[in-house]
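What follows is the content of start22.pdb (PDB, C-alpha atoms, pLDDT in the B column).
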ATOM      1  CA  MET A   1      35.905 -24.175 -60.719  1.00 47.00           C
ATOM      2  CA  ARG A   2      34.483 -20.945 -62.081  1.00 53.00           C
ATOM      3  CA  ARG A   3      36.618 -17.955 -61.210  1.00 54.00           C
ATOM      4  CA  ARG A   4      34.936 -15.091 -59.443  1.00 55.00           C
ATOM      5  CA  ALA A   5      34.679 -12.079 -61.732  1.00 55.00           C
ATOM      6  CA  ARG A   6      36.792  -9.125 -60.702  1.00 60.00           C
ATOM      7  CA  PRO A   7      34.945  -5.895 -59.928  1.00 61.00           C
ATOM      8  CA  SER A   8      34.932  -3.645 -62.994  1.00 75.00           C
ATOM      9  CA  ILE A   9      36.692  -0.287 -62.881  1.00 80.00           C
ATOM     10  CA  LYS A  10      34.593   2.863 -62.941  1.00 84.00           C
ATOM     11  CA  THR A  11      35.694   6.397 -63.752  1.00 92.00           C
ATOM     12  CA  LEU A  12      34.051   9.386 -62.105  1.00 94.00           C
ATOM     13  CA  LYS A  13      34.714  12.868 -60.760  1.00 96.00           C
ATOM     14  CA  ILE A  14      34.703  13.989 -57.129  1.00 97.00           C
ATOM     15  CA  ASP A  15      35.027  17.744 -56.676  1.00 97.00           C
ATOM     16  CA  GLY A  16      36.544  17.974 -60.134  1.00 95.00           C
ATOM     17  CA  VAL A  17      39.130  15.264 -59.482  1.00 93.00           C
ATOM     18  CA  ASP A  18      39.175  12.315 -61.898  1.00 94.00           C
ATOM     19  CA  VAL A  19      38.904   9.126 -59.870  1.00 93.00           C
ATOM     20  CA  GLY A  20      39.174   5.463 -60.796  1.00 92.00           C
ATOM     21  CA  ALA A  21      37.157   3.112 -58.626  1.00 92.00           C
ATOM     22  CA  ARG A  22      36.002  -0.448 -58.265  1.00 90.00           C
ATOM     23  CA  GLU A  23      32.252  -0.919 -58.348  1.00 86.00           C
ATOM     24  CA  ASP A  24      32.343  -2.180 -54.754  1.00 90.00           C
ATOM     25  CA  GLU A  25      33.908   1.052 -53.406  1.00 94.00           C
ATOM     26  CA  THR A  26      31.791   3.733 -51.776  1.00 96.00           C
ATOM     27  CA  LEU A  27      32.103   7.431 -52.476  1.00 97.00           C
ATOM     28  CA  LEU A  28      33.365   7.960 -48.935  1.00 97.00           C
ATOM     29  CA  GLU A  29      36.164   5.419 -49.433  1.00 96.00           C
ATOM     30  CA  LEU A  30      37.130   7.070 -52.709  1.00 95.00           C
ATOM     31  CA  ALA A  31      37.140  10.512 -51.130  1.00 96.00           C
ATOM     32  CA  GLU A  32      39.404   9.312 -48.302  1.00 95.00           C
ATOM     33  CA  GLU A  33      41.762   7.643 -50.794  1.00 94.00           C
ATOM     34  CA  ASN A  34      42.049  10.937 -52.696  1.00 94.00           C
ATOM     35  CA  ASN A  35      42.398  13.176 -49.613  1.00 95.00           C
ATOM     36  CA  ILE A  36      38.954  14.719 -50.085  1.00 96.00           C
ATOM     37  CA  TYR A  37      37.338  15.481 -46.740  1.00 96.00           C
ATOM     38  CA  ILE A  38      33.732  14.457 -46.111  1.00 97.00           C
ATOM     39  CA  PRO A  39      32.453  14.882 -42.532  1.00 97.00           C
ATOM     40  CA  THR A  40      30.984  11.848 -40.825  1.00 96.00           C
ATOM     41  CA  LEU A  41      30.108  10.688 -37.328  1.00 96.00           C
ATOM     42  CA  CYS A  42      28.763   7.137 -37.492  1.00 97.00           C
ATOM     43  CA  HIS A  43      31.379   5.881 -39.991  1.00 96.00           C
ATOM     44  CA  MET A  44      34.558   4.237 -38.730  1.00 92.00           C
ATOM     45  CA  GLU A  45      37.099   2.205 -40.639  1.00 89.00           C
ATOM     46  CA  GLY A  46      36.798  -1.419 -39.573  1.00 87.00           C
ATOM     47  CA  LEU A  47      33.031  -1.331 -38.959  1.00 92.00           C
ATOM     48  CA  THR A  48      30.166  -1.786 -41.376  1.00 94.00           C
ATOM     49  CA  ASN A  49      28.503   1.381 -42.618  1.00 96.00           C
ATOM     50  CA  VAL A  50      24.938   2.178 -41.576  1.00 96.00           C
ATOM     51  CA  GLY A  51      24.407   5.662 -43.004  1.00 95.00           C
ATOM     52  CA  GLY A  52      22.919   6.825 -39.730  1.00 95.00           C
ATOM     53  CA  CYS A  53      24.342  10.282 -39.060  1.00 96.00           C
ATOM     54  CA  ARG A  54      23.690  11.640 -42.603  1.00 96.00           C
ATOM     55  CA  LEU A  55      26.618  14.052 -42.306  1.00 97.00           C
ATOM     56  CA  CYS A  56      28.391  12.511 -45.293  1.00 97.00           C
ATOM     57  CA  MET A  57      25.622  13.462 -47.727  1.00 98.00           C
ATOM     58  CA  VAL A  58      26.903  14.594 -51.134  1.00 98.00           C
ATOM     59  CA  GLU A  59      25.420  15.965 -54.329  1.00 98.00           C
ATOM     60  CA  ILE A  60      25.438  13.934 -57.546  1.00 98.00           C
ATOM     61  CA  GLU A  61      24.809  15.750 -60.794  1.00 97.00           C
ATOM     62  CA  GLY A  62      21.562  14.691 -62.420  1.00 96.00           C
ATOM     63  CA  SER A  63      19.840  14.018 -59.087  1.00 96.00           C
ATOM     64  CA  ASN A  64      17.922  16.477 -56.905  1.00 96.00           C
ATOM     65  CA  ARG A  65      18.300  14.381 -53.755  1.00 96.00           C
ATOM     66  CA  LEU A  66      21.332  14.136 -51.488  1.00 97.00           C
ATOM     67  CA  TRP A  67      23.215  10.838 -51.245  1.00 98.00           C
ATOM     68  CA  PRO A  68      25.030   9.292 -48.235  1.00 98.00           C
ATOM     69  CA  ALA A  69      28.644   8.885 -49.365  1.00 98.00           C
ATOM     70  CA  CYS A  70      29.223   5.909 -47.055  1.00 97.00           C
ATOM     71  CA  MET A  71      26.384   3.915 -48.635  1.00 97.00           C
ATOM     72  CA  THR A  72      26.605   5.051 -52.265  1.00 97.00           C
ATOM     73  CA  TYR A  73      28.769   2.989 -54.602  1.00 95.00           C
ATOM     74  CA  ALA A  74      30.762   4.221 -57.560  1.00 94.00           C
ATOM     75  CA  ARG A  75      29.044   4.300 -60.946  1.00 93.00           C
ATOM     76  CA  GLU A  76      30.492   5.106 -64.333  1.00 94.00           C
ATOM     77  CA  GLY A  77      30.440   8.810 -65.185  1.00 94.00           C
ATOM     78  CA  MET A  78      29.253  10.074 -61.793  1.00 95.00           C
ATOM     79  CA  VAL A  79      29.993  13.717 -61.028  1.00 97.00           C
ATOM     80  CA  VAL A  80      30.047  14.189 -57.263  1.00 98.00           C
ATOM     81  CA  HIS A  81      30.209  17.377 -55.195  1.00 98.00           C
ATOM     82  CA  THR A  82      31.128  17.122 -51.515  1.00 98.00           C
ATOM     83  CA  THR A  83      30.849  20.820 -50.685  1.00 96.00           C
ATOM     84  CA  SER A  84      28.203  23.394 -51.481  1.00 97.00           C
ATOM     85  CA  GLU A  85      26.079  25.966 -49.686  1.00 96.00           C
ATOM     86  CA  ARG A  86      23.232  23.459 -49.585  1.00 97.00           C
ATOM     87  CA  LEU A  87      25.398  20.719 -48.050  1.00 98.00           C
ATOM     88  CA  GLU A  88      26.906  23.070 -45.469  1.00 96.00           C
ATOM     89  CA  ARG A  89      23.445  24.235 -44.413  1.00 96.00           C
ATOM     90  CA  TYR A  90      22.261  20.637 -44.177  1.00 97.00           C
ATOM     91  CA  ARG A  91      25.251  19.540 -42.076  1.00 97.00           C
ATOM     92  CA  ARG A  92      24.894  22.494 -39.727  1.00 97.00           C
ATOM     93  CA  MET A  93      21.244  21.565 -39.195  1.00 97.00           C
ATOM     94  CA  ILE A  94      22.225  17.997 -38.252  1.00 97.00           C
ATOM     95  CA  ILE A  95      24.826  19.185 -35.738  1.00 97.00           C
ATOM     96  CA  ASP A  96      22.326  21.659 -34.288  1.00 97.00           C
ATOM     97  CA  MET A  97      19.786  18.891 -33.740  1.00 96.00           C
ATOM     98  CA  LEU A  98      22.351  16.532 -32.212  1.00 96.00           C
ATOM     99  CA  PHE A  99      23.322  19.152 -29.654  1.00 96.00           C
ATOM    100  CA  SER A 100      19.720  20.069 -28.892  1.00 96.00           C
ATOM    101  CA  GLU A 101      18.434  16.492 -28.444  1.00 95.00           C
ATOM    102  CA  ARG A 102      20.708  15.704 -25.476  1.00 95.00           C
ATOM    103  CA  ASN A 103      22.473  17.682 -22.751  1.00 94.00           C
ATOM    104  CA  HIS A 104      25.921  18.253 -24.262  1.00 94.00           C
ATOM    105  CA  VAL A 105      27.856  20.536 -21.906  1.00 92.00           C
ATOM    106  CA  CYS A 106      31.375  20.476 -23.335  1.00 92.00           C
ATOM    107  CA  SER A 107      33.078  22.373 -20.518  1.00 91.00           C
ATOM    108  CA  VAL A 108      32.422  19.619 -17.968  1.00 91.00           C
ATOM    109  CA  CYS A 109      32.639  16.623 -20.316  1.00 93.00           C
ATOM    110  CA  VAL A 110      35.486  14.129 -19.904  1.00 93.00           C
ATOM    111  CA  SER A 111      35.937  14.158 -23.712  1.00 94.00           C
ATOM    112  CA  ASN A 112      36.170  17.951 -23.994  1.00 94.00           C
ATOM    113  CA  GLY A 113      38.845  18.637 -26.607  1.00 94.00           C
ATOM    114  CA  HIS A 114      38.810  15.003 -27.796  1.00 93.00           C
ATOM    115  CA  CYS A 115      35.248  14.755 -29.132  1.00 96.00           C
ATOM    116  CA  ASP A 116      34.215  14.099 -32.742  1.00 96.00           C
ATOM    117  CA  LEU A 117      30.957  16.014 -32.351  1.00 97.00           C
ATOM    118  CA  GLN A 118      32.777  19.004 -30.917  1.00 96.00           C
ATOM    119  CA  ASP A 119      35.355  18.891 -33.732  1.00 96.00           C
ATOM    120  CA  LEU A 120      32.631  18.819 -36.370  1.00 96.00           C
ATOM    121  CA  ALA A 121      30.939  21.841 -34.804  1.00 96.00           C
ATOM    122  CA  VAL A 122      34.235  23.738 -34.910  1.00 95.00           C
ATOM    123  CA  ASP A 123      34.884  22.720 -38.531  1.00 94.00           C
ATOM    124  CA  LEU A 124      31.434  23.966 -39.547  1.00 93.00           C
ATOM    125  CA  GLY A 125      31.856  27.233 -37.651  1.00 93.00           C
ATOM    126  CA  ILE A 126      28.994  26.549 -35.263  1.00 92.00           C
ATOM    127  CA  THR A 127      29.071  28.922 -32.301  1.00 89.00           C
ATOM    128  CA  HIS A 128      25.477  28.572 -31.122  1.00 90.00           C
ATOM    129  CA  ILE A 129      22.488  26.295 -31.639  1.00 91.00           C
ATOM    130  CA  ARG A 130      19.576  27.675 -33.670  1.00 92.00           C
ATOM    131  CA  VAL A 131      16.927  25.168 -32.584  1.00 94.00           C
ATOM    132  CA  PRO A 132      15.318  24.812 -29.130  1.00 95.00           C
ATOM    133  CA  TYR A 133      17.011  22.544 -26.603  1.00 94.00           C
ATOM    134  CA  LEU A 134      14.896  19.622 -25.431  1.00 95.00           C
ATOM    135  CA  TYR A 135      16.637  19.206 -22.054  1.00 94.00           C
ATOM    136  CA  PRO A 136      15.662  15.532 -21.606  1.00 94.00           C
ATOM    137  CA  ARG A 137      16.054  13.861 -18.229  1.00 93.00           C
ATOM    138  CA  MET A 138      18.754  11.283 -18.920  1.00 93.00           C
ATOM    139  CA  ASP A 139      20.301   8.615 -16.732  1.00 92.00           C
ATOM    140  CA  ILE A 140      23.960   7.849 -16.110  1.00 95.00           C
ATOM    141  CA  ASP A 141      24.867   4.181 -15.739  1.00 97.00           C
ATOM    142  CA  VAL A 142      27.861   3.767 -13.419  1.00 97.00           C
ATOM    143  CA  SER A 143      27.153   0.152 -12.501  1.00 98.00           C
ATOM    144  CA  HIS A 144      30.138  -1.219 -14.449  1.00 98.00           C
ATOM    145  CA  PRO A 145      33.351  -1.477 -12.392  1.00 97.00           C
ATOM    146  CA  TYR A 146      35.563   0.130 -15.075  1.00 97.00           C
ATOM    147  CA  PHE A 147      33.356   2.142 -17.433  1.00 97.00           C
ATOM    148  CA  MET A 148      30.315   4.401 -17.427  1.00 97.00           C
ATOM    149  CA  LEU A 149      27.497   5.261 -19.832  1.00 98.00           C
ATOM    150  CA  ASP A 150      26.258   8.853 -19.952  1.00 97.00           C
ATOM    151  CA  HIS A 151      23.148   9.114 -22.151  1.00 97.00           C
ATOM    152  CA  ASP A 152      23.456  12.909 -22.099  1.00 96.00           C
ATOM    153  CA  ARG A 153      26.469  12.630 -24.452  1.00 96.00           C
ATOM    154  CA  CYS A 154      25.158   9.882 -26.754  1.00 97.00           C
ATOM    155  CA  VAL A 155      24.543  10.709 -30.436  1.00 97.00           C
ATOM    156  CA  LEU A 156      23.227   7.226 -31.346  1.00 97.00           C
ATOM    157  CA  CYS A 157      25.966   6.592 -33.912  1.00 97.00           C
ATOM    158  CA  THR A 158      25.819   2.854 -32.965  1.00 98.00           C
ATOM    159  CA  ARG A 159      29.589   2.468 -33.183  1.00 97.00           C
ATOM    160  CA  CYS A 160      29.456   0.681 -29.834  1.00 97.00           C
ATOM    161  CA  VAL A 161      26.732  -1.671 -31.068  1.00 98.00           C
ATOM    162  CA  ARG A 162      28.694  -2.582 -34.179  1.00 96.00           C
ATOM    163  CA  VAL A 163      32.118  -3.006 -32.599  1.00 95.00           C
ATOM    164  CA  CYS A 164      30.651  -5.192 -29.844  1.00 96.00           C
ATOM    165  CA  GLY A 165      28.916  -7.451 -32.338  1.00 96.00           C
ATOM    166  CA  GLU A 166      31.260  -7.405 -35.327  1.00 93.00           C
ATOM    167  CA  ILE A 167      34.664  -7.321 -33.636  1.00 91.00           C
ATOM    168  CA  GLU A 168      34.257  -8.579 -30.052  1.00 92.00           C
ATOM    169  CA  GLY A 169      31.352 -10.913 -30.842  1.00 94.00           C
ATOM    170  CA  ALA A 170      29.614 -10.246 -27.519  1.00 96.00           C
ATOM    171  CA  PHE A 171      26.501  -8.453 -28.864  1.00 97.00           C
ATOM    172  CA  THR A 172      25.994  -6.661 -25.560  1.00 98.00           C
ATOM    173  CA  TRP A 173      24.780  -3.348 -26.956  1.00 98.00           C
ATOM    174  CA  ASP A 174      21.584  -2.539 -28.842  1.00 97.00           C
ATOM    175  CA  VAL A 175      19.172   0.357 -29.407  1.00 97.00           C
ATOM    176  CA  MET A 176      15.798   0.687 -27.694  1.00 97.00           C
ATOM    177  CA  GLY A 177      13.027   3.127 -28.584  1.00 95.00           C
ATOM    178  CA  ARG A 178      12.398   5.352 -31.582  1.00 93.00           C
ATOM    179  CA  GLY A 179      13.367   8.858 -32.638  1.00 90.00           C
ATOM    180  CA  VAL A 180      14.546  11.202 -29.891  1.00 90.00           C
ATOM    181  CA  ASN A 181      13.487   8.590 -27.323  1.00 93.00           C
ATOM    182  CA  SER A 182      16.028   6.041 -28.581  1.00 96.00           C
ATOM    183  CA  ARG A 183      18.563   4.777 -26.063  1.00 96.00           C
ATOM    184  CA  ILE A 184      21.622   2.553 -26.149  1.00 97.00           C
ATOM    185  CA  ILE A 185      20.984  -0.417 -23.862  1.00 98.00           C
ATOM    186  CA  ALA A 186      23.017  -3.325 -22.514  1.00 98.00           C
ATOM    187  CA  ASP A 187      21.459  -6.771 -23.023  1.00 97.00           C
ATOM    188  CA  LEU A 188      17.733  -6.558 -22.232  1.00 94.00           C
ATOM    189  CA  ASN A 189      17.851  -2.994 -20.872  1.00 96.00           C
ATOM    190  CA  GLN A 190      19.600  -3.850 -17.638  1.00 96.00           C
ATOM    191  CA  PRO A 191      22.417  -2.043 -15.828  1.00 97.00           C
ATOM    192  CA  TRP A 192      25.694  -2.407 -17.718  1.00 98.00           C
ATOM    193  CA  GLY A 193      27.404  -3.828 -14.653  1.00 97.00           C
ATOM    194  CA  GLU A 194      24.870  -6.664 -14.506  1.00 97.00           C
ATOM    195  CA  SER A 195      25.375  -7.707 -18.134  1.00 97.00           C
ATOM    196  CA  GLU A 196      26.314 -11.365 -18.528  1.00 96.00           C
ATOM    197  CA  SER A 197      27.452 -10.908 -22.135  1.00 97.00           C
ATOM    198  CA  CYS A 198      29.862  -7.973 -21.617  1.00 97.00           C
ATOM    199  CA  THR A 199      33.533  -9.022 -21.660  1.00 96.00           C
ATOM    200  CA  SER A 200      34.789  -5.672 -20.274  1.00 96.00           C
ATOM    201  CA  CYS A 201      37.081  -5.376 -23.304  1.00 93.00           C
ATOM    202  CA  GLY A 202      36.529  -1.618 -23.581  1.00 94.00           C
ATOM    203  CA  LYS A 203      36.267  -1.562 -27.388  1.00 94.00           C
ATOM    204  CA  CYS A 204      32.932   0.242 -27.214  1.00 96.00           C
ATOM    205  CA  VAL A 205      34.501   2.948 -25.070  1.00 95.00           C
ATOM    206  CA  GLN A 206      37.370   3.512 -27.475  1.00 94.00           C
ATOM    207  CA  VAL A 207      35.177   3.849 -30.586  1.00 95.00           C
ATOM    208  CA  CYS A 208      32.602   6.156 -28.982  1.00 96.00           C
ATOM    209  CA  PRO A 209      32.882   9.576 -30.687  1.00 96.00           C
ATOM    210  CA  THR A 210      31.791  11.572 -27.625  1.00 96.00           C
ATOM    211  CA  GLY A 211      31.821  11.290 -23.847  1.00 95.00           C
ATOM    212  CA  ALA A 212      28.895   8.860 -23.767  1.00 97.00           C
ATOM    213  CA  LEU A 213      31.077   5.805 -23.043  1.00 97.00           C
ATOM    214  CA  THR A 214      34.118   6.521 -20.929  1.00 95.00           C
ATOM    215  CA  GLN A 215      36.545   5.036 -18.445  1.00 94.00           C
ATOM    216  CA  LYS A 216      35.937   5.781 -14.805  1.00 95.00           C
ATOM    217  CA  GLY A 217      38.351   8.059 -12.997  1.00 89.00           C
ATOM    218  CA  ARG A 218      38.669  10.612 -15.801  1.00 83.00           C
ATOM    219  CA  ALA A 219      38.254  14.338 -15.221  1.00 85.00           C
ATOM    220  CA  ALA A 220      37.035  16.891 -17.780  1.00 85.00           C
ATOM    221  CA  GLY A 221      39.168  16.806 -20.920  1.00 84.00           C
ATOM    222  CA  GLU A 222      41.118  13.670 -19.964  1.00 86.00           C
ATOM    223  CA  GLN A 223      39.317  11.000 -22.012  1.00 85.00           C
ATOM    224  CA  ARG A 224      41.397  10.278 -25.118  1.00 86.00           C
ATOM    225  CA  LYS A 225      40.105   7.486 -27.344  1.00 86.00           C
ATOM    226  CA  ARG A 226      42.447   4.848 -28.842  1.00 83.00           C
ATOM    227  CA  ARG A 227      41.064   3.542 -32.124  1.00 79.00           C
ATOM    228  CA  GLU A 228      44.167   2.322 -33.955  1.00 76.00           C
ATOM    229  CA  PHE A 229      43.381  -1.281 -33.027  1.00 71.00           C
ATOM    230  CA  LEU A 230      40.162  -1.485 -35.043  1.00 73.00           C
ATOM    231  CA  PRO A 231      41.383  -1.951 -38.664  1.00 67.00           C
ATOM    232  CA  TYR A 232      43.997  -4.435 -37.418  1.00 64.00           C
ATOM    233  CA  LEU A 233      41.426  -6.502 -35.529  1.00 67.00           C
ATOM    234  CA  GLN A 234      39.125  -6.503 -38.532  1.00 62.00           C
ATOM    235  CA  ILE A 235      41.896  -7.857 -40.790  1.00 64.00           C
ATOM    236  CA  MET A 236      42.780 -10.559 -38.234  1.00 58.00           C
ATOM    237  CA  ARG A 237      39.122 -11.551 -37.879  1.00 59.00           C
ATOM    238  CA  GLU A 238      38.648 -11.826 -41.653  1.00 62.00           C
ATOM    239  CA  GLY A 239      41.724 -14.036 -41.858  1.00 57.00           C
ATOM    240  CA  GLU A 240      40.403 -16.583 -39.378  1.00 53.00           C
TER     241      GLU A 240
END

If you convert what's in this file into structure tokens, what do you get?
Amino acid sequence: MRRRARPSIKTLKIDGVDVGAREDETLLELAEENNIYIPTLCHMEGLTNVGGCRLCMVEIEGSNRLWPACMTYAREGMVVHTTSERLERYRRMIIDMLFSERNHVCSVCVSNGHCDLQDLAVDLGITHIRVPYLYPRMDIDVSHPYFMLDHDRCVLCTRCVRVCGEIEGAFTWDVMGRGVNSRIIADLNQPWGESESCTSCGKCVQVCPTGALTQKGRAAGEQRKRREFLPYLQIMREGE
């Protein structure tokens, strides 16, 4: 039998730090391994990367464009910058648009104080939104006996879609529509409580970065997410 070739080792710089990497490692993975912070919202260890939120964009010397760190793989001699005035301005713009597209009212949200979007806004020093609010009329799905879906809080990170398909194997969640009209839907756009594929495992609730998917019976600020199970479940699934 022919042995599979091992990934070659690349050497590059991230924020001035010399880094050794395999060719199958992303810039985001390398940054995390070397304690270099890159903000992200759709990324989560244990799920495939989709490059959807665009918050992890970085600069690579020799290129005028910005690159998503979660989808860009190490190459020999790369010089990467994860912070700059341009990147900070870009990330602030993304957070501004996420807040303006839906009706995020943190003070009455069950995930207030335990929200990834809120934390990112604080980290970036965002105190107000500089783009007009859209104020869409959004529905709340409370048909499930244990959980609820609040579209007002959804940022379309698709963590729920991926964990349901890749880890639970139920494939209950999907995305319907385009642009600002996109919605997370259960099965063929039916009430969550009527879904025949949902196993009520709650994984989607735990990986949700905001208060879009929550447990019933929680008051403002009480919804803490438990995500420690995800890397473990991924390892167990790969070993099957």

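Remark: for A:Pro132, the closest of the candidate residues A:Cys115, A:Leu28, A:Val163, A:Met97 is A:Met97 (distances computed over all atoms listed in the file).
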
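Closest to A:Cys154 among A:Arg130, A:Lys10, A:Arg102, A:His43 is A:Arg102, based on only C-alpha atoms.
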
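Atom pair atom CA of A:Ile9 / atom CA of A:Glu23: separated by 6.4 Å.
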
If we count only C-alpha atoms, what is near stretch 171-179 of chain A at a cut-off of 9 Å, once residues fewer than 3 positions away on the same chain are taken out, given as number ranges by chain?
-> A: 156, 158, 160-166, 168, 182-189, 192, 195-199, 204

Write out as a compact mmCIF listing (two decimals) with C-alpha atoms, in the coordinates of the input each polymer residue whose atoms come within 8 Å of stretch 105-108 of chain A, counting only C-alpha atoms; drop sequence neighbours fewer than 3 positions from it.
# COMPACT_ATOMS: atom_id res chain seq x y z
CA SER A 111 35.94 14.16 -23.71
CA ASN A 112 36.17 17.95 -23.99
CA GLN A 118 32.78 19.00 -30.92
CA ALA A 220 37.03 16.89 -17.78
CA GLY A 221 39.17 16.81 -20.92

Ref. answer, residues at most 8 Å from (28.8, 13.8, -38.0) with all atoms listed in the file, as JSON, numbers by chain = {"A": [39, 40, 41, 42, 53, 54, 55, 56, 91, 94, 95, 116, 117, 120]}

Picked residues, the PyMOL selection byres ((chain A and resi 27) around 9), as a ChimeraX atom specification = /A:14,25-26,28-32,58,68-74,80

Record the distance separating atom CA of A:Phe229 and atom CA of A:Lys203, expressed in Å with one decimal.
->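 Separation of atom CA of A:Phe229 and atom CA of A:Lys203: 9.1 Å.
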
Do you have the atom CA of A:Asp139-atom CA of A:Arg218 distance handy?
->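 According to the coordinates, atom CA of A:Asp139 and atom CA of A:Arg218 are separated by 18.5 Å.
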
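Each of A:Met78, A:Val110, A:Leu98, A:Ile129 was checked against A:Val155 using all atoms listed in the file; the smallest atom-to-atom distance is that of A:Leu98.
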
So which residues get picked by the PyMOL selection byres ((chain A and resi 13) around 9) here, written as a PyMOL selection string?
-> chain A and resi 11-12+14-20+77-81

Please identify all polymer residues lying at most 8 Å from the point (16.5, 9.9, -20.6) (file coordinates), using all atoms listed in the file, and present the result as a ChimeraX atom specification.
-> /A:136-139,151-152,181,183

With 5 Å added on each side, what axis-aligned box encloses every listed atom of stretch 8-23 of chain A? Give the centre and edge lengths in Å to one decimal, as lines of an AutoDock Vina configuration file.
center_x = 35.7
center_y = 7.2
center_z = -60.2
size_x = 16.9
size_y = 31.6
size_z = 17.1

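Once A:Glu45 and its same-chain neighbours fewer than 2 positions away are set aside, Glu29, His43, Leu47, Thr48, Asn49, Arg227, Glu228, Leu230, Pro231 and Gln234 of chain A remain within 10 Å of it when counting all atoms listed in the file.
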
A:Leu87, A:Ile60, A:Ala212, A:Val205: which is nearest A:Leu124, counting all atoms listed in the file?
->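 The answer is A:Leu87, which sits nearest to A:Leu124.
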